[in-house]
Amino acid sequence: METSRSRKLFSQAQALIPGGVNSPVRSFRAVGGQPPFIQKGKGSRIWDVDGNQYIDYVCSWGPLILGHAAPEIVAAVQQAAALGTSFGAPTEGEVELARLIHEAVPSMEMVRLVSSGTEAAMTALRLARAYTGHSKVVKFAGCYHGHADGLLVQAGSGAATHGIPDSAGVPAAYAQETLVAQYNDVPSVERLFETYAGQIACVIVEPVAGNMGVVPPAQGFLAALRRITSGNNALLIFDEVITGFRVGYGGAQALYGVTPDITCLGKVIGGGLPVGAYGGRRNIMEVVAPLGPMYQAGTLSGNPLAVAAGIAALKALQQPGTYQKLDRIGALLAAGLTEAAQEANVPATVNRVGSMLTAFFCPGPVASYADVQRADARAYGRYFHSMLERGIYLAPSQFEAAFVSLAHTEEDIQQTLKAAQEALKG
Ligand SMILES: *Cc1c(COP(=O)(O)O)cnc(C)c1O
């Protein structure tokens, strides 16, 4: 496999950019080796600067549910760009994207657009604190909500793979306001509410954990969070940055039938451009400036290009059969991987919700962060590189989700499974 151009670029990048990358997991530290530099993508495929072609299961970490360079996204961005890239004034597209989000996720009675999932989650916490007057927040070990200070506590993938439980530079005083419970463990949440009665503003959760690898919510887990928060004057925040418009058009809250007070979105709603959103009940959102006392702003918030891409993505997802197709392709991949691992006598457990899945290199069930940590990350690293050599681009870490898009075909899956059979036999 030719890698000379990528190697050259990576060495130049390392001199100028920390680790040579603008987001840590891209550096391949967790699996070893050097990342290919990507030149272009089309549909389910990407090409690196050395001309190698891959079937892509990272899909930009979730946003590209239509695949790469989807014609409707490219056209929408081109049209918007020709009319001006930013105004810092309201535009029609923002109203349309807010309306589409509200119609899909009715609990988001009002929506504020921001530029990243990090910004959405960070602001959702500020809003929960402003609304309740309480200061502590509960998150789950292994759940990631972006890199805002108070949320970088036991924050999953990046931290899990890099062995950094908390980031340097987060004041202890902030971290103390963040209480950590165990995913799928209701008593761990109840204990925090007993110990810190009257002090907790919110529980924030990935309704399907994606950033420790995919771990679905246990039966009744989300409903229990709803009951506990409501009973303690605390808000329930669903961080649906991955799951929103991914596990279904209405997100995880529609799939599991549990309604949060505040929802965070990102990834899919930007169609591959930088967008995030937070929203919730009207009386909560009325605390946001200029209606209320909680400040939040953004020079590029509701950016016309990003909004145009987001609208195009959501409209494409409204086509009949979309989520059935995503589910069918995801199921085909999951079943094939399970079978390939069995044939190769490799202990593996595939967790999947719709088009997001993780093959953990350990016996199942994988239902908690403790279970996740039993996975053999070294074995994953070897598998990862064998797959890369065979033209399959997986997440460069055991503790991430793989994503299939509407552009992935049954032939792509067959080709992937053939590679997996060979790679697992090693
Ligand atoms: C990706 C992600 C974020 C952060 O979004 P960015 O756009 O990377 O800032 C927040 N929460 C979850 C659940 C995510 O997966």
# chains A, B, ... in the order shown; residues from 1 in each chain; ligands from 1
>>> residues_around(residues="Leu152 in chain A", least_positions_apart="3", cutoff="7 Å", atoms="only C-alpha atoms", output="list of chain:residue names")
A:His147, A:Ala148, A:Asp149, A:Ala155, A:Asp166, A:Ser167
>>> residues_near_ligand(ligand="ligand 1", cutoff="6 Å", atoms="only C-alpha atoms and all ligand atoms", output="number ranges by chain")
A: 116-118, 144-146, 206, 239-242, 266
>>> residues_around(residues="Asn233 in chain A", least_positions_apart="5", cutoff="8 Å", atoms="only C-alpha atoms", output="ChimeraX atom specification")
/A:132,198,201
>>> write_last_selection(atoms="N, CA and C atoms", output="PDB file, in the first residue's frame")
ATOM      1  N   THR A 132     -32.942  25.972  36.997  1.00  0.00           N
ATOM      2  CA  THR A 132     -33.224  25.337  38.299  1.00  0.00           C
ATOM      3  C   THR A 132     -32.616  26.100  39.470  1.00  0.00           C
ATOM      4  N   GLY A 198     -31.347  18.464  46.388  1.00  0.00           N
ATOM      5  CA  GLY A 198     -31.600  19.890  46.217  1.00  0.00           C
ATOM      6  C   GLY A 198     -30.463  20.661  45.560  1.00  0.00           C
ATOM      7  N   ALA A 201     -28.777  20.200  39.160  1.00  0.00           N
ATOM      8  CA  ALA A 201     -29.512  20.912  38.110  1.00  0.00           C
ATOM      9  C   ALA A 201     -30.028  19.964  37.041  1.00  0.00           C
TER      10      ALA A 201
END
>>> closest_atom_pairs(of="range 181-215 of chain A", to="range 366-390 of chain A", cutoff="8 Å", atoms="only C-alpha atoms", output="tab-separated table")
residue	atom	partner	partner_atom	distance
A:Gln182	CA	A:Tyr369	CA	7.3
A:Tyr183	CA	A:Ser368	CA	5.9
A:Asn184	CA	A:Ser368	CA	6.4
A:Met212	CA	A:Val372	CA	7.0
A:Gly213	CA	A:Val372	CA	7.6
A:Val215	CA	A:Ala367	CA	5.9
>>> atom_distance(atom1="CA of Gly330 in chain A", atom2="CA of Val353 in chain A")
8.3 Å
>>> select_by_dssp(residues="range 334-366 of chain A", states="strand (DSSP E)", output="PyMOL selection string")
chain A and resi 349-353+356-360
>>> write_last_selection(atoms="N, CA and C atoms", output="PDB file, in the first residue's frame")
ATOM      1  N   THR A 349     -18.339  -9.139  20.545  1.00  0.00           N
ATOM      2  CA  THR A 349     -19.739  -8.828  20.803  1.00  0.00           C
ATOM      3  C   THR A 349     -20.101  -7.595  20.000  1.00  0.00           C
ATOM      4  N   VAL A 350     -21.086  -7.734  19.122  1.00  0.00           N
ATOM      5  CA  VAL A 350     -21.479  -6.588  18.307  1.00  0.00           C
ATOM      6  C   VAL A 350     -22.732  -5.957  18.916  1.00  0.00           C
ATOM      7  N   ASN A 351     -22.610  -4.707  19.334  1.00  0.00           N
ATOM      8  CA  ASN A 351     -23.767  -3.929  19.804  1.00  0.00           C
ATOM      9  C   ASN A 351     -24.211  -3.011  18.675  1.00  0.00           C
ATOM     10  N   ARG A 352     -25.510  -2.932  18.453  1.00  0.00           N
ATOM     11  CA  ARG A 352     -26.006  -2.112  17.339  1.00  0.00           C
ATOM     12  C   ARG A 352     -27.345  -1.496  17.693  1.00  0.00           C
ATOM     13  N   VAL A 353     -27.523  -0.230  17.330  1.00  0.00           N
ATOM     14  CA  VAL A 353     -28.846   0.390  17.294  1.00  0.00           C
ATOM     15  C   VAL A 353     -28.956   1.040  15.920  1.00  0.00           C
ATOM     16  N   MET A 356     -25.792   2.550  13.815  1.00  0.00           N
ATOM     17  CA  MET A 356     -24.568   2.737  14.619  1.00  0.00           C
ATOM     18  C   MET A 356     -24.249   1.440  15.350  1.00  0.00           C
ATOM     19  N   LEU A 357     -22.990   1.018  15.280  1.00  0.00           N
ATOM     20  CA  LEU A 357     -22.633  -0.255  15.890  1.00  0.00           C
ATOM     21  C   LEU A 357     -21.166  -0.273  16.298  1.00  0.00           C
ATOM     22  N   THR A 358     -20.871  -1.166  17.240  1.00  0.00           N
ATOM     23  CA  THR A 358     -19.481  -1.405  17.641  1.00  0.00           C
ATOM     24  C   THR A 358     -19.280  -2.897  17.811  1.00  0.00           C
ATOM     25  N   ALA A 359     -18.177  -3.398  17.244  1.00  0.00           N
ATOM     26  CA  ALA A 359     -17.756  -4.773  17.505  1.00  0.00           C
ATOM     27  C   ALA A 359     -16.709  -4.719  18.613  1.00  0.00           C
ATOM     28  N   PHE A 360     -17.118  -5.122  19.816  1.00  0.00           N
ATOM     29  CA  PHE A 360     -16.184  -5.144  20.950  1.00  0.00           C
ATOM     30  C   PHE A 360     -15.422  -6.464  20.935  1.00  0.00           C
TER      31      PHE A 360
END
>>> residues_around(residues="Ala197 in chain A", least_positions_apart="4", cutoff="8 Å", atoms="only C-alpha atoms", output="short mmCIF file (atom, residue, chain, number, x, y, z; two decimals) with all heavy atoms, in the first residue's frame")
data_model
loop_
_atom_site.label_atom_id
_atom_site.label_comp_id
_atom_site.auth_asym_id
_atom_site.auth_seq_id
_atom_site.Cartn_x
_atom_site.Cartn_y
_atom_site.Cartn_z
N LEU A 192 -26.64 9.50 44.11
CA LEU A 192 -26.19 10.88 43.97
C LEU A 192 -27.30 11.86 44.36
O LEU A 192 -27.04 12.88 45.00
CB LEU A 192 -25.72 11.15 42.53
CG LEU A 192 -24.42 10.45 42.13
CD1 LEU A 192 -24.11 10.69 40.65
CD2 LEU A 192 -23.25 10.94 42.99
N PHE A 193 -28.53 11.53 43.98
CA PHE A 193 -29.65 12.43 44.32
C PHE A 193 -29.93 12.42 45.82
O PHE A 193 -30.43 13.40 46.36
CB PHE A 193 -30.89 12.08 43.49
CG PHE A 193 -30.91 12.78 42.16
CD1 PHE A 193 -30.34 12.18 41.04
CD2 PHE A 193 -31.46 14.05 42.03
CE1 PHE A 193 -30.33 12.82 39.81
CE2 PHE A 193 -31.46 14.70 40.80
CZ PHE A 193 -30.88 14.08 39.69
N ASN A 232 -37.06 15.36 41.51
CA ASN A 232 -36.08 16.14 42.28
C ASN A 232 -35.86 17.54 41.72
O ASN A 232 -34.82 18.15 42.00
CB ASN A 232 -34.73 15.39 42.29
CG ASN A 232 -34.76 14.18 43.20
OD1 ASN A 232 -34.60 14.30 44.41
ND2 ASN A 232 -35.01 13.00 42.63
#
>>> atom_distance(atom1="CA of Glu339 in chain A", atom2="CA of Gln415 in chain A")
14.7 Å
>>> closest_residue(among="A:Phe403, A:Ala172, A:Ile228, A:Thr263", to="Ala331 in chain A", atoms="only C-alpha atoms")
A:Phe403
>>> residues_around(residues="Gln219 in chain A", least_positions_apart="3", cutoff="10 Å", atoms="only C-alpha atoms", output="MDAnalysis selection string")
chainID A and resid 184 216 222:224 256
>>> write_last_selection(atoms="N, CA and C atoms", output="PDB file, in the first residue's frame")
ATOM      1  N   ASN A 184     -26.509   2.754  32.672  1.00  0.00           N
ATOM      2  CA  ASN A 184     -27.374   1.576  32.849  1.00  0.00           C
ATOM      3  C   ASN A 184     -27.451   1.099  34.296  1.00  0.00           C
ATOM      4  N   PRO A 216     -26.417   0.238  24.129  1.00  0.00           N
ATOM      5  CA  PRO A 216     -27.815   0.675  24.175  1.00  0.00           C
ATOM      6  C   PRO A 216     -28.287   0.829  25.620  1.00  0.00           C
ATOM      7  N   LEU A 222     -33.763   4.757  30.773  1.00  0.00           N
ATOM      8  CA  LEU A 222     -34.074   6.156  30.446  1.00  0.00           C
ATOM      9  C   LEU A 222     -35.332   6.609  31.185  1.00  0.00           C
ATOM     10  N   ALA A 223     -36.305   5.708  31.292  1.00  0.00           N
ATOM     11  CA  ALA A 223     -37.534   6.052  32.031  1.00  0.00           C
ATOM     12  C   ALA A 223     -37.215   6.332  33.499  1.00  0.00           C
ATOM     13  N   ALA A 224     -36.282   5.582  34.062  1.00  0.00           N
ATOM     14  CA  ALA A 224     -35.896   5.820  35.459  1.00  0.00           C
ATOM     15  C   ALA A 224     -35.241   7.190  35.609  1.00  0.00           C
ATOM     16  N   TYR A 256     -37.310   5.276  22.090  1.00  0.00           N
ATOM     17  CA  TYR A 256     -37.483   4.675  23.418  1.00  0.00           C
ATOM     18  C   TYR A 256     -38.684   5.247  24.187  1.00  0.00           C
TER      19      TYR A 256
END
>>> residues_around(residues="Asn283 in chain A", least_positions_apart="3", cutoff="10 Å", atoms="only C-alpha atoms", output="ChimeraX atom specification")
/A:109-110,131,280,286-288
>>> write_last_selection(atoms="N, CA, C and O atoms", output="PDB file, in the first residue's frame")
ATOM      1  N   GLU A 109     -39.552  22.463  21.733  1.00  0.00           N
ATOM      2  CA  GLU A 109     -40.569  23.469  21.365  1.00  0.00           C
ATOM      3  C   GLU A 109     -39.907  24.725  20.822  1.00  0.00           C
ATOM      4  O   GLU A 109     -40.461  25.409  19.965  1.00  0.00           O
ATOM      5  N   MET A 110     -38.748  25.052  21.371  1.00  0.00           N
ATOM      6  CA  MET A 110     -37.927  26.131  20.808  1.00  0.00           C
ATOM      7  C   MET A 110     -36.508  25.600  20.657  1.00  0.00           C
ATOM      8  O   MET A 110     -36.068  24.751  21.439  1.00  0.00           O
ATOM      9  N   TYR A 131     -32.073  27.667  34.917  1.00  0.00           N
ATOM     10  CA  TYR A 131     -33.505  27.401  35.107  1.00  0.00           C
ATOM     11  C   TYR A 131     -33.798  26.880  36.513  1.00  0.00           C
ATOM     12  O   TYR A 131     -34.771  27.289  37.143  1.00  0.00           O
ATOM     13  N   GLY A 280     -35.745  22.785  23.860  1.00  0.00           N
ATOM     14  CA  GLY A 280     -36.546  22.096  24.852  1.00  0.00           C
ATOM     15  C   GLY A 280     -37.867  22.815  25.071  1.00  0.00           C
ATOM     16  O   GLY A 280     -38.331  23.558  24.199  1.00  0.00           O
ATOM     17  N   GLU A 286     -37.201  29.997  27.331  1.00  0.00           N
ATOM     18  CA  GLU A 286     -37.420  31.433  27.523  1.00  0.00           C
ATOM     19  C   GLU A 286     -36.434  32.048  28.522  1.00  0.00           C
ATOM     20  O   GLU A 286     -36.388  33.268  28.679  1.00  0.00           O
ATOM     21  N   VAL A 287     -35.610  31.191  29.130  1.00  0.00           N
ATOM     22  CA  VAL A 287     -34.545  31.700  30.009  1.00  0.00           C
ATOM     23  C   VAL A 287     -33.339  32.190  29.178  1.00  0.00           C
ATOM     24  O   VAL A 287     -32.476  32.912  29.648  1.00  0.00           O
ATOM     25  N   VAL A 288     -33.328  31.781  27.876  1.00  0.00           N
ATOM     26  CA  VAL A 288     -32.190  32.125  27.004  1.00  0.00           C
ATOM     27  C   VAL A 288     -32.307  33.579  26.516  1.00  0.00           C
ATOM     28  O   VAL A 288     -33.386  34.025  26.118  1.00  0.00           O
TER      29      VAL A 288
END
>>> closest_residue(among="A:Ala401, A:Leu127, A:Cys59, A:Ala313", to="Pro293 in chain A", atoms="only C-alpha atoms")
A:Leu127
>>> residues_around(residues="range 7-18 of chain A", least_positions_apart="3", cutoff="9 Å", atoms="only C-alpha atoms", output="list in words")
Thr3, Ser4, Val21, Asn22, Pro24, Gln34, Pro35, Pro36 and Phe37 of chain A
>>> write_last_selection(atoms="N, CA and C atoms", output="tab-separated table (two decimals), in the first residue's frame")
chain	number	residue	atom	x	y	z
A	3	THR	N	1.95	4.87	0.78
A	3	THR	CA	1.60	5.80	1.86
A	3	THR	C	2.52	7.01	1.89
A	4	SER	N	3.36	7.19	0.86
A	4	SER	CA	4.43	8.19	0.98
A	4	SER	C	3.89	9.63	1.11
A	21	VAL	N	-2.86	16.76	14.10
A	21	VAL	CA	-4.30	16.63	13.85
A	21	VAL	C	-5.09	17.72	14.58
A	22	ASN	N	-6.28	17.98	14.10
A	22	ASN	CA	-7.14	18.98	14.74
A	22	ASN	C	-8.20	18.36	15.63
A	24	PRO	N	-7.99	14.80	18.54
A	24	PRO	CA	-6.98	13.81	18.90
A	24	PRO	C	-7.14	12.43	18.30
A	34	GLN	N	0.23	5.52	11.28
A	34	GLN	CA	0.04	6.90	10.82
A	34	GLN	C	-1.25	7.02	10.02
A	35	PRO	N	-1.97	8.12	10.19
A	35	PRO	CA	-3.24	8.25	9.47
A	35	PRO	C	-3.04	8.60	8.00
A	36	PRO	N	-3.86	8.01	7.12
A	36	PRO	CA	-3.88	8.49	5.74
A	36	PRO	C	-4.50	9.89	5.70
A	37	PHE	N	-4.00	10.73	4.82
A	37	PHE	CA	-4.62	12.04	4.60
A	37	PHE	C	-5.66	11.87	3.50
>>> closest_residue(among="A:Ile392, A:Val268, A:Ile262, A:Leu332", to="Pro106 in chain A", atoms="only C-alpha atoms")
A:Ile262
